[in-house]
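Below is the file protein-v3.csv, which contains CSV, C-alpha atoms.
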```
chain,number,residue,atom,x,y,z
A,11,MET,CA,112.6,181.3,-91.1
A,12,GLU,CA,116.2,180.3,-90.8
A,13,ILE,CA,119.1,181.4,-88.5
A,14,GLN,CA,122.7,180.9,-89.5
A,15,SER,CA,125.5,181.6,-87.0
A,16,ASP,CA,129.2,181.9,-86.6
A,17,PRO,CA,130.1,179.8,-84.5
A,18,ALA,CA,127.6,177.4,-86.0
A,19,LEU,CA,124.3,176.3,-84.2
A,20,ASN,CA,124.2,172.8,-82.9
A,21,MET,CA,121.3,170.4,-83.3
A,22,GLU,CA,119.6,171.8,-80.1
A,23,GLY,CA,119.7,175.4,-81.3
A,24,PHE,CA,122.7,176.5,-79.1
A,25,VAL,CA,125.7,178.5,-80.1
A,26,GLN,CA,128.8,177.4,-78.1
A,27,THR,CA,131.1,180.3,-77.3
A,28,GLU,CA,133.5,181.8,-74.7
A,29,LEU,CA,134.1,185.1,-73.0
A,30,GLU,CA,135.5,187.9,-75.2
A,31,GLN,CA,134.6,186.1,-78.4
A,32,THR,CA,132.2,187.3,-81.1
A,33,VAL,CA,129.0,185.7,-82.2
A,34,SER,CA,127.3,186.6,-85.5
A,35,LEU,CA,123.7,185.7,-86.2
A,36,LEU,CA,122.0,185.9,-89.6
A,37,CYS,CA,118.3,185.6,-90.1
A,38,LEU,CA,116.8,184.7,-93.5
A,39,ALA,CA,113.1,185.1,-94.2
A,40,GLY,CA,111.8,182.2,-96.3
A,41,GLY,CA,115.3,180.8,-96.4
A,42,GLY,CA,116.4,183.9,-98.4
A,43,SER,CA,114.0,183.4,-101.3
A,44,GLY,CA,110.3,183.4,-102.1
A,45,PRO,CA,107.5,185.9,-101.2
A,46,GLN,CA,108.9,186.4,-97.6
A,47,ALA,CA,112.3,187.5,-98.8
A,48,GLU,CA,111.3,191.2,-98.7
A,49,ASP,CA,109.3,191.1,-95.4
A,50,GLU,CA,110.5,193.1,-92.5
A,51,LEU,CA,112.2,191.3,-89.7
A,52,VAL,CA,112.7,192.0,-86.0
A,53,TRP,CA,115.1,190.6,-83.5
A,54,LEU,CA,114.4,190.0,-79.8
A,55,ARG,CA,116.9,189.3,-77.1
A,56,ASN,CA,115.2,187.4,-74.2
A,57,GLY,CA,111.9,188.9,-75.4
A,58,ALA,CA,113.2,192.5,-75.6
A,59,LEU,CA,113.4,194.3,-78.9
A,60,VAL,CA,116.8,194.7,-80.5
A,61,GLN,CA,117.4,198.0,-82.3
A,62,LEU,CA,118.3,197.5,-86.0
A,63,LYS,CA,119.7,200.0,-88.5
A,64,GLU,CA,117.8,200.7,-91.7
A,65,GLY,CA,118.9,198.3,-94.4
A,66,ASN,CA,119.2,195.5,-91.9
A,67,LYS,CA,115.5,194.6,-91.7
A,68,LYS,CA,114.2,193.4,-95.1
A,69,GLY,CA,114.4,189.7,-96.0
A,70,ARG,CA,117.7,189.2,-94.2
A,71,SER,CA,119.0,190.7,-90.9
A,72,SER,CA,122.0,190.2,-88.8
A,73,VAL,CA,123.0,190.9,-85.2
A,74,CYS,CA,126.4,190.6,-83.6
A,75,VAL,CA,127.4,190.0,-80.0
A,76,SER,CA,130.9,191.3,-79.3
A,77,PRO,CA,132.5,190.9,-76.9
A,78,VAL,CA,130.6,188.0,-75.3
A,79,THR,CA,130.2,188.5,-71.6
A,80,ARG,CA,128.9,186.4,-68.7
A,81,GLU,CA,125.5,188.1,-69.0
A,82,ASP,CA,125.2,186.6,-72.5
A,83,ASN,CA,125.1,183.1,-71.2
A,84,ASP,CA,121.6,181.5,-71.9
A,85,ALA,CA,120.5,184.6,-73.8
A,86,THR,CA,118.0,183.7,-76.5
A,87,PHE,CA,117.9,185.6,-79.8
A,88,THR,CA,114.7,185.3,-81.7
A,89,CYS,CA,114.2,186.5,-85.3
A,90,GLN,CA,110.6,186.9,-86.5
A,91,LEU,CA,108.5,188.5,-89.2
A,92,LYS,CA,107.3,192.0,-88.0
A,93,GLY,CA,103.7,191.2,-89.2
A,94,ASN,CA,103.6,187.5,-88.1
A,95,ALA,CA,105.3,186.6,-84.8
A,96,SER,CA,104.5,182.9,-85.4
A,97,ALA,CA,107.0,182.9,-88.2
A,98,ASN,CA,110.2,182.8,-86.2
A,99,ALA,CA,113.5,181.1,-85.4
A,100,SER,CA,115.7,181.2,-82.3
A,101,ALA,CA,119.3,180.7,-81.2
A,102,THR,CA,120.6,180.5,-77.6
A,103,LEU,CA,124.1,181.3,-76.5
A,104,ASN,CA,126.0,178.8,-74.2
A,105,VAL,CA,128.9,180.8,-72.8
A,106,THR,CA,131.5,178.8,-71.0
A,107,TYR,CA,133.8,180.5,-68.5
A,108,ALA,CA,135.7,180.0,-65.2
A,109,PRO,CA,135.8,182.1,-62.1
A,110,MET,CA,138.3,185.0,-62.2
A,111,LEU,CA,140.6,183.8,-59.5
A,112,SER,CA,144.3,184.7,-59.2
A,113,GLY,CA,146.9,186.5,-57.1
A,114,VAL,CA,147.4,187.2,-53.4
A,115,GLU,CA,145.3,189.4,-51.2
A,116,LYS,CA,146.6,190.6,-47.8
A,117,VAL,CA,144.1,190.7,-45.0
A,118,ALA,CA,144.6,192.3,-41.6
A,119,VAL,CA,142.2,191.5,-38.8
A,120,GLU,CA,142.3,192.1,-35.0
A,121,GLU,CA,142.2,189.4,-32.3
A,122,GLU,CA,138.6,188.5,-31.4
A,123,ALA,CA,137.2,190.3,-34.5
A,124,GLU,CA,135.3,188.6,-37.4
A,125,LEU,CA,137.3,187.3,-40.4
A,126,VAL,CA,135.5,187.0,-43.8
A,127,LEU,CA,137.3,185.6,-46.9
A,128,GLN,CA,135.3,185.5,-50.1
A,129,CYS,CA,135.9,184.1,-53.6
A,130,ASP,CA,134.1,184.4,-56.9
A,131,VAL,CA,132.9,180.9,-58.0
A,132,ARG,CA,130.4,181.9,-60.7
A,133,ALA,CA,131.1,179.6,-63.7
A,134,ASN,CA,129.7,177.7,-66.6
A,135,PRO,CA,129.8,174.7,-66.2
A,136,PRO,CA,129.8,174.8,-62.4
A,137,VAL,CA,133.1,174.2,-60.6
A,138,SER,CA,134.2,172.3,-57.6
A,139,VAL,CA,135.4,174.4,-54.7
A,140,SER,CA,137.8,173.7,-51.7
A,141,TRP,CA,139.7,175.8,-49.1
A,142,GLN,CA,143.2,175.2,-47.9
A,143,GLN,CA,145.0,176.5,-44.8
A,144,GLU,CA,148.8,176.6,-45.0
A,145,GLY,CA,148.7,174.2,-48.0
A,146,SER,CA,146.5,171.6,-46.4
A,147,LEU,CA,142.8,171.0,-46.8
A,148,LEU,CA,140.9,173.1,-44.3
A,149,ASP,CA,139.4,171.2,-41.4
A,150,LEU,CA,136.0,172.7,-40.9
A,151,SER,CA,135.4,170.7,-37.7
A,152,THR,CA,137.9,172.8,-35.8
A,153,GLY,CA,138.9,176.4,-35.5
A,154,GLY,CA,135.4,177.8,-35.6
A,155,PHE,CA,135.3,178.0,-39.5
A,156,MET,CA,132.0,178.4,-41.3
A,157,LEU,CA,131.7,177.9,-45.0
A,158,SER,CA,128.8,179.1,-47.2
A,159,SER,CA,128.2,179.3,-51.0
A,160,ASP,CA,125.3,180.7,-53.2
A,161,GLY,CA,126.7,179.5,-56.5
A,162,PHE,CA,128.2,183.0,-57.2
A,163,THR,CA,130.6,183.3,-54.3
A,164,THR,CA,132.0,181.1,-51.6
A,165,GLN,CA,132.7,182.6,-48.2
A,166,LEU,CA,134.8,181.4,-45.3
A,167,THR,CA,134.0,183.1,-42.0
A,168,VAL,CA,135.4,183.0,-38.5
A,169,ASN,CA,133.3,184.9,-35.9
A,170,ARG,CA,136.0,185.3,-33.3
A,171,VAL,CA,139.6,185.3,-34.5
A,172,ASP,CA,142.4,183.7,-32.5
A,173,ARG,CA,146.0,184.4,-33.7
A,174,SER,CA,147.2,181.0,-32.8
A,175,LEU,CA,144.5,179.3,-34.9
A,176,HIS,CA,143.8,181.7,-37.7
A,177,GLN,CA,146.9,183.6,-38.8
A,178,GLY,CA,148.5,182.4,-42.0
A,179,ALA,CA,147.8,181.6,-45.7
A,180,TYR,CA,144.5,180.5,-47.0
A,181,GLU,CA,143.8,179.4,-50.5
A,182,CYS,CA,140.5,179.2,-52.4
A,183,VAL,CA,140.8,176.5,-55.1
A,184,ILE,CA,138.3,175.9,-57.9
A,185,VAL,CA,138.5,173.1,-60.5
A,186,SER,CA,136.7,173.5,-63.9
A,187,SER,CA,136.0,170.6,-66.1
A,188,ILE,CA,137.0,172.8,-69.1
A,189,TYR,CA,139.5,175.3,-67.8
A,190,GLY,CA,141.2,173.2,-65.0
A,191,PRO,CA,142.3,174.5,-61.6
A,192,ARG,CA,142.5,178.2,-60.5
A,193,SER,CA,143.1,179.7,-57.1
A,194,LYS,CA,143.4,182.8,-55.0
A,195,ILE,CA,145.5,183.2,-51.8
A,196,PHE,CA,144.7,185.2,-48.8
A,197,GLN,CA,147.6,186.1,-46.5
A,198,VAL,CA,145.9,186.8,-43.1
A,199,THR,CA,147.7,188.7,-40.4
A,200,VAL,CA,146.1,188.9,-36.9
A,201,ASN,CA,146.9,192.1,-35.0
A,202,ASP,CA,146.5,192.9,-31.3
A,203,LYS,CA,143.1,194.0,-30.2
A,204,THR,CA,142.9,197.7,-29.8
A,205,MET,CA,140.8,199.4,-27.1
A,206,LYS,CA,137.8,201.3,-28.5
A,207,PHE,CA,136.2,204.0,-26.5
A,208,PRO,CA,132.6,205.1,-27.2
A,209,LEU,CA,132.9,208.6,-28.6
A,210,MET,CA,129.4,210.0,-27.8
A,211,PRO,CA,129.5,209.3,-24.1
A,212,MET,CA,133.0,210.8,-23.8
A,213,VAL,CA,131.8,214.0,-25.6
A,214,ALA,CA,128.7,214.2,-23.4
A,215,GLY,CA,130.8,213.8,-20.3
A,216,LEU,CA,133.2,216.5,-21.4
A,217,VAL,CA,130.3,218.9,-22.1
A,218,VAL,CA,129.0,218.3,-18.6
A,219,VAL,CA,132.4,219.0,-17.0
A,220,VAL,CA,132.8,222.2,-19.0
A,221,CYS,CA,129.3,223.5,-18.2
A,222,THR,CA,129.8,222.7,-14.5
A,223,THR,CA,133.1,224.5,-14.4
A,224,LEU,CA,131.6,227.6,-16.2
A,225,LEU,CA,128.7,227.7,-13.8
A,226,ALA,CA,131.1,227.5,-10.8
A,227,ILE,CA,133.1,230.4,-12.2
A,228,VAL,CA,130.0,232.5,-12.9
A,229,SER,CA,128.7,231.8,-9.4
A,230,ARG,CA,132.0,232.8,-7.8
A,231,TRP,CA,132.2,236.1,-9.8
A,232,LYS,CA,128.6,236.9,-8.7
A,233,LYS,CA,129.6,236.5,-5.0
A,234,ILE,CA,132.7,238.6,-5.5
A,235,ALA,CA,130.7,241.3,-7.3
A,236,LYS,CA,128.2,241.3,-4.4
A,237,CYS,CA,130.9,241.7,-1.8
A,238,CYS,CA,132.5,244.6,-3.6
A,239,SER,CA,129.2,246.4,-3.9
A,240,LYS,CA,128.7,246.5,-0.1
```

Take the structure in this file and express it as structure tokens.
Amino acid sequence: MEIQSDPALNMEGFVQTELEQTVSLLCLAGGGSGPQAEDELVWLRNGALVQLKEGNKKGRSSVCVSPVTREDNDATFTCQLKGNASANASATLNVTYAPMLSGVEKVAVEEEAELVLQCDVRANPPVSVSWQQEGSLLDLSTGGFMLSSDGFTTQLTVNRVDRSLHQGAYECVIVSSIYGPRSKIFQVTVNDKTMKFPLMPMVAGLVVVVCTTLLAIVSRWKKIAKCCSK
């Protein structure tokens, strides 16, 4: 079994590609000649069967990945004989990409509320990440900042916002060894704290007042009716 690809396979069996590109894989049974040249072929993507059209199964078979997406990274395509799974060949896609960071996002938050800023850092190869405040590297030892990352997103959090400390411009900066630096800016505005009244207790209190008033009116009318009947 032999797989030919465009872009070409490297010595380790990987196809190097990028987002939005096209990868074509061609499988040849018996190298395209010999008794296996008319055998039926099947393709698997990460172990799942790929649906092939008639005329694309006997002796030689091709699959095309277009456009390439993030989910195609590390996807393994295996071509094998339908009647003999041990006769097979595989190719794995190595999709390189950088996080999709750009532009400016305006964020409004109230005094003493929680502030959460989040950036996409999913990339191949992995990127280095840093945060800046007003153009300078963010000092995590002051200001109540907390930084977390799970390899897909990086998140900057402040549990209790203070306008004097937290209003201003924040920048999430990533650096890729292939695609260079990229960033996203968050323009944070801290507004005055607004008073919030619990709705349900207010409604319940209003109902009590209305009911008490109605009962008083009914009771008074009963007294008046009683006096008039004498």

If you count only C-alpha atoms, the residue of A:Met110, A:Leu59, A:Ala85, A:Val200 closest to A:Phe162 turns out to be A:Met110

How far is it from atom CA of A:Glu64 to atom CA of A:Leu91, in Å with one decimal?
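These two atoms are separated by 15.5 Å.
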
Find the residue from A:Asn66, A:Gln128, A:Ser96, A:Thr204 that sits nearest to A:Val168; use only C-alpha atoms when measuring.
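Nearest to A:Val168: A:Gln128.
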
To one decimal in Å, tell me the separation between atom CA of A:Ser159 and atom CA of A:Asn104.
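Taking atom CA of A:Ser159 as the start and atom CA of A:Asn104 as the end point, the length is 23.3 Å.
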
List the neighbours of A:Ala133 out to 8 Å using only C-alpha atoms; skip same-chain residues closer than 3 positions along the sequence, and give me the result as a compact mmCIF listing (two decimals) with C-alpha atoms, keeping the file's coordinate frame.
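Once everything was written out, this is around-v6.txt:
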```
# COMPACT_ATOMS: atom_id res chain seq x y z
CA THR A 106 131.50 178.80 -71.00
CA TYR A 107 133.80 180.50 -68.50
CA ALA A 108 135.70 180.00 -65.20
CA PRO A 109 135.80 182.10 -62.10
CA PRO A 136 129.80 174.80 -62.40
CA VAL A 137 133.10 174.20 -60.60
CA PHE A 162 128.20 183.00 -57.20
```

Any idea what the distance is between atom CA of A:Asp82 and atom CA of A:Ala101?
12.1 Å

The residues within 12 Å of (129.6, 190.9, -76.1), using all atoms listed in the file and the coordinates of the file, should be reported as a list in words; which are they?
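Counting all atoms listed in the file, I find these residues within 12 Å of (129.6, 190.9, -76.1): Thr27, Glu28, Leu29, Glu30, Gln31, Thr32, Val33, Ser34, Val73, Cys74, Val75, Ser76, Pro77, Val78, Thr79, Arg80, Glu81, Asp82, Asn83, Ala85, Leu103 and Val105 of chain A.
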
Please identify all polymer residues within 12 Å of A:Lys63, counting all atoms listed in the file, omitting same-chain residues fewer than 6 positions from it, and present them as a PyMOL selection string.
chain A and resi 51-53+71-73

Given only C-alpha atoms as the basis, pick out the residue of A:Leu35, A:Ile13, A:Ala118, A:Leu147 nearest to A:Gln177.
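Between A:Leu35, A:Ile13, A:Ala118, A:Leu147, the residue approaching A:Gln177 most closely is A:Ala118.
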